$ cat model.txt   # compact mmCIF, C-alpha atoms
# COMPACT_ATOMS: atom_id res chain seq x y z
CA MET A 4 8.97 14.72 -12.80
CA LYS A 5 7.51 11.32 -12.06
CA ASN A 6 9.61 8.68 -10.36
CA THR A 7 8.24 5.27 -11.36
CA THR A 8 10.46 3.32 -8.99
CA PHE A 9 9.45 5.48 -6.03
CA ALA A 10 5.78 5.18 -6.97
CA ALA A 11 6.13 1.42 -7.06
CA LYS A 12 7.73 1.35 -3.60
CA MET A 13 5.04 3.61 -2.25
CA MET A 14 2.32 1.41 -3.64
CA ILE A 15 3.83 -1.85 -2.44
CA GLY A 16 3.77 0.08 0.70
CA ALA A 17 0.74 1.93 0.06
CA ALA A 18 -1.53 -0.75 -0.36
CA SER A 19 -0.72 -2.29 2.85
CA VAL A 20 -3.80 -1.17 4.65
CA ALA A 21 -6.28 -0.86 2.15
CA CYS A 22 -8.17 -3.89 2.97
CA GLY A 23 -9.57 -1.97 5.67
CA LEU A 24 -13.13 -2.07 6.31
CA LEU A 25 -13.50 -5.56 6.15
CA PHE A 26 -14.15 -6.55 9.70
CA ALA A 27 -16.69 -5.40 12.23
CA ALA A 28 -14.83 -6.05 15.43
CA SER A 29 -16.08 -4.45 18.60
CA ALA A 30 -14.97 -0.90 19.31
CA SER A 31 -13.33 -2.09 22.52
CA ALA A 32 -11.07 -4.60 20.76
CA SER A 33 -7.38 -3.69 20.62
CA ALA A 34 -5.79 -2.64 17.34
CA LEU A 35 -3.87 -5.92 17.25
CA GLU A 36 -7.01 -7.99 17.79
CA GLN A 37 -8.90 -6.05 15.12
CA PHE A 38 -6.11 -6.30 12.61
CA LYS A 39 -5.51 -10.02 13.10
CA SER A 40 -9.22 -10.63 12.54
CA PHE A 41 -9.13 -8.47 9.43
CA ALA A 42 -6.06 -10.24 8.01
CA ALA A 43 -7.48 -13.70 8.67
CA GLY A 44 -10.83 -13.08 6.97
CA THR A 45 -10.00 -10.84 4.04
CA LYS A 46 -9.37 -12.75 0.83
CA SER A 47 -9.96 -9.84 -1.53
CA ALA A 48 -11.14 -6.22 -1.49
CA LYS A 49 -11.51 -3.07 -3.55
CA GLY A 50 -11.80 0.62 -2.76
CA GLU A 51 -10.30 4.09 -3.13
CA PHE A 52 -7.24 5.78 -1.65
CA VAL A 53 -5.67 9.20 -1.13
CA GLN A 54 -1.90 9.35 -0.63
CA ARG A 55 0.40 12.15 0.55
CA GLN A 56 4.15 12.30 1.12
CA VAL A 57 5.29 14.19 4.22
CA LYS A 58 8.96 15.15 4.58
CA LYS A 59 10.12 16.28 7.99
CA ALA A 60 11.36 19.84 8.45
CA ASP A 61 15.01 20.63 7.84
CA ALA A 62 16.87 20.60 11.16
CA LYS A 63 18.67 23.80 10.11
CA ALA A 64 15.35 25.64 10.06
CA GLY A 65 14.95 25.15 13.80
CA ALA A 66 11.57 25.37 15.50
CA SER A 67 10.21 27.50 12.67
CA GLY A 68 10.72 24.76 10.11
CA LYS A 69 7.62 23.10 8.72
CA ALA A 70 7.15 19.64 7.29
CA LYS A 71 6.69 19.56 3.52
CA VAL A 72 3.50 17.89 2.28
CA SER A 73 3.19 16.80 -1.34
CA THR A 74 0.22 17.29 -3.64
CA PRO A 75 -2.17 14.41 -2.86
CA ALA A 76 -2.35 11.47 -5.24
CA SER A 77 -5.56 9.48 -5.50
CA GLY A 78 -6.96 6.46 -7.24
CA THR A 79 -8.42 2.99 -6.78
CA PHE A 80 -7.22 -0.44 -5.73
CA GLU A 81 -8.24 -4.08 -5.95
CA PHE A 82 -6.47 -7.08 -4.45
CA ALA A 83 -6.72 -10.81 -3.93
CA ARG A 84 -4.45 -12.74 -1.61
CA PRO A 85 -1.77 -13.77 -2.13
CA GLY A 86 0.14 -11.41 -4.41
CA LYS A 87 -2.50 -10.19 -6.84
CA PHE A 88 -3.47 -6.54 -7.06
CA ILE A 89 -4.32 -3.58 -9.27
CA TRP A 90 -3.26 -0.20 -7.86
CA THR A 91 -4.31 2.68 -10.11
CA TYR A 92 -3.20 6.29 -9.73
CA LEU A 93 -5.73 8.61 -11.39
CA LYS A 94 -4.55 12.01 -10.11
CA PRO A 95 -2.37 14.03 -10.46
CA TYR A 96 -1.13 11.68 -13.20
CA GLU A 97 -2.16 8.25 -14.45
CA GLN A 98 -0.11 5.22 -13.56
CA LEU A 99 -0.98 1.54 -13.13
CA LEU A 100 0.73 -1.00 -10.90
CA GLN A 101 -0.54 -4.53 -11.35
CA ALA A 102 0.58 -7.92 -10.06
CA ASP A 103 -0.66 -11.33 -11.15
CA GLY A 104 0.92 -13.30 -8.31
CA ASP A 105 4.15 -13.82 -10.25
CA LYS A 106 5.14 -10.51 -11.85
CA LEU A 107 4.63 -6.81 -11.16
CA TYR A 108 3.78 -4.54 -14.10
CA ILE A 109 4.23 -0.77 -13.83
CA TYR A 110 2.56 1.11 -16.67
CA ASP A 111 3.28 4.79 -17.22
CA LYS A 112 0.63 6.01 -19.62
CA ASP A 113 2.36 9.30 -20.47
CA LEU A 114 5.58 7.52 -21.44
CA SER A 115 3.77 4.54 -22.99
CA GLN A 116 6.19 2.36 -21.03
CA VAL A 117 5.75 -0.86 -19.04
CA THR A 118 8.34 -2.01 -16.51
CA VAL A 119 8.12 -5.70 -15.58
CA LYS A 120 9.56 -7.00 -12.31
CA LYS A 121 9.59 -10.43 -10.67
CA LEU A 122 7.56 -10.44 -7.47
CA GLY A 123 9.58 -13.24 -5.93
CA ASP A 124 9.87 -12.83 -2.18
CA ALA A 125 9.58 -9.04 -2.38
CA LEU A 126 6.27 -9.03 -0.56
CA GLY A 127 7.63 -10.95 2.41
CA SER A 128 8.91 -8.09 4.53
CA SER A 129 7.30 -5.20 2.69
CA PRO A 130 4.19 -3.31 3.76
CA ALA A 131 2.32 -4.94 0.89
CA ALA A 132 2.63 -8.27 2.66
CA ILE A 133 0.02 -7.03 5.11
CA LEU A 134 -2.45 -6.52 2.31
CA PHE A 135 -1.48 -8.86 -0.51
CA GLY A 136 0.58 -11.57 1.13
CA SER A 137 -0.18 -14.49 3.41
CA ASN A 138 -1.66 -14.16 6.87
CA ASP A 139 1.59 -15.07 8.65
CA LEU A 140 2.29 -11.44 9.55
CA GLU A 141 4.41 -12.08 12.63
CA LYS A 142 6.93 -14.03 10.55
CA ASN A 143 8.09 -10.79 8.91
CA PHE A 144 6.88 -8.06 11.28
CA THR A 145 7.03 -7.30 14.98
CA LEU A 146 3.52 -6.13 15.89
CA ALA A 147 2.72 -3.85 18.83
CA GLU A 148 -0.05 -1.58 20.08
CA ALA A 149 0.63 2.11 19.33
CA GLY A 150 -2.06 3.88 21.35
CA THR A 151 -5.01 6.05 20.35
CA ARG A 152 -4.78 9.08 18.06
CA ASP A 153 -7.33 10.98 15.94
CA GLY A 154 -10.08 8.67 17.13
CA LEU A 155 -8.28 5.58 15.82
CA GLU A 156 -6.61 2.62 17.54
CA TRP A 157 -3.08 2.34 16.11
CA LEU A 158 -0.99 -0.76 15.44
CA LYS A 159 2.76 -0.57 14.79
CA ALA A 160 4.40 -3.08 12.44
CA THR A 161 8.21 -3.09 12.39
CA PRO A 162 9.88 -5.16 9.64
CA LYS A 163 12.22 -7.82 11.01
CA ALA A 164 14.42 -7.65 7.91
CA LYS A 165 17.05 -4.90 7.91
CA ASP A 166 17.02 -4.13 4.17
CA THR A 167 13.42 -3.03 3.71
CA THR A 168 12.20 0.24 2.21
CA PHE A 169 10.31 1.30 5.34
CA ASP A 170 11.52 1.47 8.94
CA GLU A 171 8.09 1.50 10.50
CA ILE A 172 4.46 1.08 9.48
CA THR A 173 1.52 2.21 11.61
CA ILE A 174 -2.09 1.34 10.90
CA GLY A 175 -5.09 3.19 12.30
CA LEU A 176 -8.30 1.22 12.91
CA ARG A 177 -11.80 2.17 14.00
CA ASN A 178 -14.45 -0.44 14.83
CA GLY A 179 -12.48 -3.15 13.07
CA VAL A 180 -11.87 -1.04 9.98
CA PRO A 181 -8.37 0.14 8.95
CA GLU A 182 -8.87 3.77 7.94
CA ALA A 183 -5.32 5.13 7.77
CA MET A 184 -1.75 4.05 7.29
CA GLU A 185 1.62 5.73 7.75
CA LEU A 186 4.85 4.39 6.23
CA ARG A 187 8.08 5.92 7.52
CA ASP A 188 11.42 5.47 5.76
CA SER A 189 14.99 6.10 6.92
CA PHE A 190 15.20 9.40 5.00
CA GLY A 191 12.69 11.23 7.15
CA GLN A 192 9.81 10.87 4.71
CA THR A 193 6.41 9.42 5.56
CA SER A 194 3.78 8.19 3.13
CA VAL A 195 0.32 8.86 4.60
CA LEU A 196 -2.67 6.99 3.21
CA ALA A 197 -6.41 7.21 3.78
CA PHE A 198 -8.91 4.65 2.48
CA LYS A 199 -12.61 4.80 1.72
CA ASN A 200 -15.45 2.95 -0.04
CA PHE A 201 -14.05 -0.48 0.76
CA GLN A 202 -15.82 -3.57 -0.48
CA LYS A 203 -15.00 -6.82 1.25
CA ASN A 204 -14.41 -10.02 -0.73
CA PRO A 205 -15.99 -8.88 -4.03
CA ALA A 206 -16.52 -11.46 -6.76
CA LEU A 207 -13.50 -11.35 -9.10
CA SER A 208 -12.98 -13.55 -12.16
CA ALA A 209 -10.03 -15.95 -12.36
CA ASN A 210 -8.25 -13.82 -14.97
CA HIS A 211 -9.11 -10.46 -13.42
CA PHE A 212 -5.50 -9.71 -12.47
CA GLN A 213 -3.97 -10.86 -15.76
CA PHE A 214 -2.09 -7.89 -17.25
CA VAL A 215 -2.92 -6.91 -20.83
CA MET A 216 0.05 -5.22 -22.51
CA PRO A 217 -0.97 -1.82 -23.98
CA LYS A 218 -0.55 -1.71 -27.73
CA GLY A 219 2.69 -0.01 -28.79
CA ALA A 220 4.10 0.30 -25.26
CA ASP A 221 7.86 -0.03 -24.68
CA VAL A 222 8.67 -2.93 -22.33
CA ILE A 223 11.52 -2.89 -19.80
CA ASN A 224 12.28 -6.15 -17.99
CA ASN A 225 14.03 -5.86 -14.62

$ encode --input "model.txt" --output "structure tokens"
Amino acid sequence: MKNTTFAAKMMIGAASVACGLLFAASASASALEQFKSFAAGTKSAKGEFVQRQVKKADAKAGASGKAKVSTPASGTFEFARPGKFIWTYLKPYEQLLQADGDKLYIYDKDLSQVTVKKLGDALGSSPAAILFGSNDLEKNFTLAEAGTRDGLEWLKATPKAKDTTFDEITIGLRNGVPEAMELRDSFGQTSVLAFKNFQKNPALSANHFQFVMPKGADVINN
């Protein structure tokens, strides 16, 4: 059964790295240096993503317990700073999350239902702020180097606010390109994202992120 609210949280946390490829920093640059360069120069981007949910093993299972990994979800994304994006799930089911800088629209095609939310300050301390928000990252996050793993330089971003969805966000970069992102919540679940086919600062029309209400859809305003 699909959980629209959870999908929305994952996306506003999903997105957060996407902008990836966008900067060719030297391979020797630290993750923090690479990411700050990327954040400063990326006004918009588009690409593809694959997302998995990983739930840690039950403590009762002991050493034999294994983490549970969900069926991967995949789709496309587009964004323009600040606060405009289109995040489209294509598999295993279709769902659209779109923001025009003022409101967030969540469209469930199967249910023919659109949920409308006010963006407000929601991006401020959320993972999406890294991708869709302003460049003032250290206002809302504590940034720190997180070592090398899987051939990537990792950056850890810890939200300064206490009431956020995620406890910790880590971003993996290679040669100035964010390639992976991990979002850990307080319930022992991690959303793992991989990005590919990034295009940096593509030409997007002024009304590109304007949501068009599907004909006949039920509308829920939150």

$ residues_around --input "model.txt" --residues "A:Asn224" --least-positions-apart "3" --cutoff "12 Å" --atoms "all atoms listed in the file" --output "PDB file with C-alpha atoms, in the frame of the given file"
ATOM      1  CA  LYS A 106       5.140 -10.510 -11.850  1.00  0.00           C
ATOM      2  CA  LEU A 107       4.630  -6.810 -11.160  1.00  0.00           C
ATOM      3  CA  TYR A 108       3.780  -4.540 -14.100  1.00  0.00           C
ATOM      4  CA  ILE A 109       4.230  -0.770 -13.830  1.00  0.00           C
ATOM      5  CA  GLN A 116       6.190   2.360 -21.030  1.00  0.00           C
ATOM      6  CA  VAL A 117       5.750  -0.860 -19.040  1.00  0.00           C
ATOM      7  CA  THR A 118       8.340  -2.010 -16.510  1.00  0.00           C
ATOM      8  CA  VAL A 119       8.120  -5.700 -15.580  1.00  0.00           C
ATOM      9  CA  LYS A 120       9.560  -7.000 -12.310  1.00  0.00           C
ATOM     10  CA  LYS A 121       9.590 -10.430 -10.670  1.00  0.00           C
ATOM     11  CA  ASP A 221       7.860  -0.030 -24.680  1.00  0.00           C
TER      12      ASP A 221
END

$ atom_distance --input "model.txt" --atom1 "atom CA of A:Gln98" --atom2 "atom CA of A:Asp111"
5.0 Å

$ residues_around --input "model.txt" --residues "A:Lys49" --least-positions-apart "6" --cutoff "7 Å" --atoms "only C-alpha atoms" --output "MDAnalysis selection string"
chainID A and resid 80:82 201:202

$ residues_around --input "model.txt" --residues "A:Leu207" --least-positions-apart "3" --cutoff "10 Å" --atoms "all atoms listed in the file" --output "list in words"
Ser47, Ala48, Glu81, Phe82, Ala83, Asn204, Asn210, His211 and Phe212 of chain A

$ atom_distance --input "model.txt" --atom1 "atom CA of A:Ser73" --atom2 "atom CA of A:Ile89"
23.1 Å

$ closest_residue --input "model.txt" --among "A:Val180, A:Val72, A:Ala34, A:Leu158" --to "A:Thr193" --atoms "only C-alpha atoms"
A:Val72

$ closest_residue --input "model.txt" --among "A:Leu140, A:Leu186, A:Val53, A:Leu99" --to "A:Met216" --atoms "all atoms listed in the file"
A:Leu99

$ atom_distance --input "model.txt" --atom1 "atom CA of A:Tyr96" --atom2 "atom CA of A:Pro75"
10.7 Å

$ closest_residue --input "model.txt" --among "A:Leu122, A:Ala76, A:Leu146, A:Met184" --to "A:Arg55" --atoms "only C-alpha atoms"
A:Ala76

$ closest_residue --input "model.txt" --among "A:Leu100, A:Ala209, A:Ala160, A:Ile172" --to "A:Ala147" --atoms "all atoms listed in the file"
A:Ala160

$ closest_residue --input "model.txt" --among "A:Ala70, A:Ala102, A:Ile174, A:Ile223" --to "A:Phe38" --atoms "only C-alpha atoms"
A:Ile174

$ axis_aligned_box --input "model.txt" --around "stretch 99-112 of chain A" --padding-each-side "8 Å" --output "JSON"
{"center_x": 2.1, "center_y": -3.9, "center_z": -14.0, "size_x": 22.1, "size_y": 35.8, "size_z": 27.3}

$ closest_residue --input "model.txt" --among "A:Leu155, A:Leu114, A:Ala197, A:Leu93" --to "A:Val222" --atoms "all atoms listed in the file"
A:Leu114
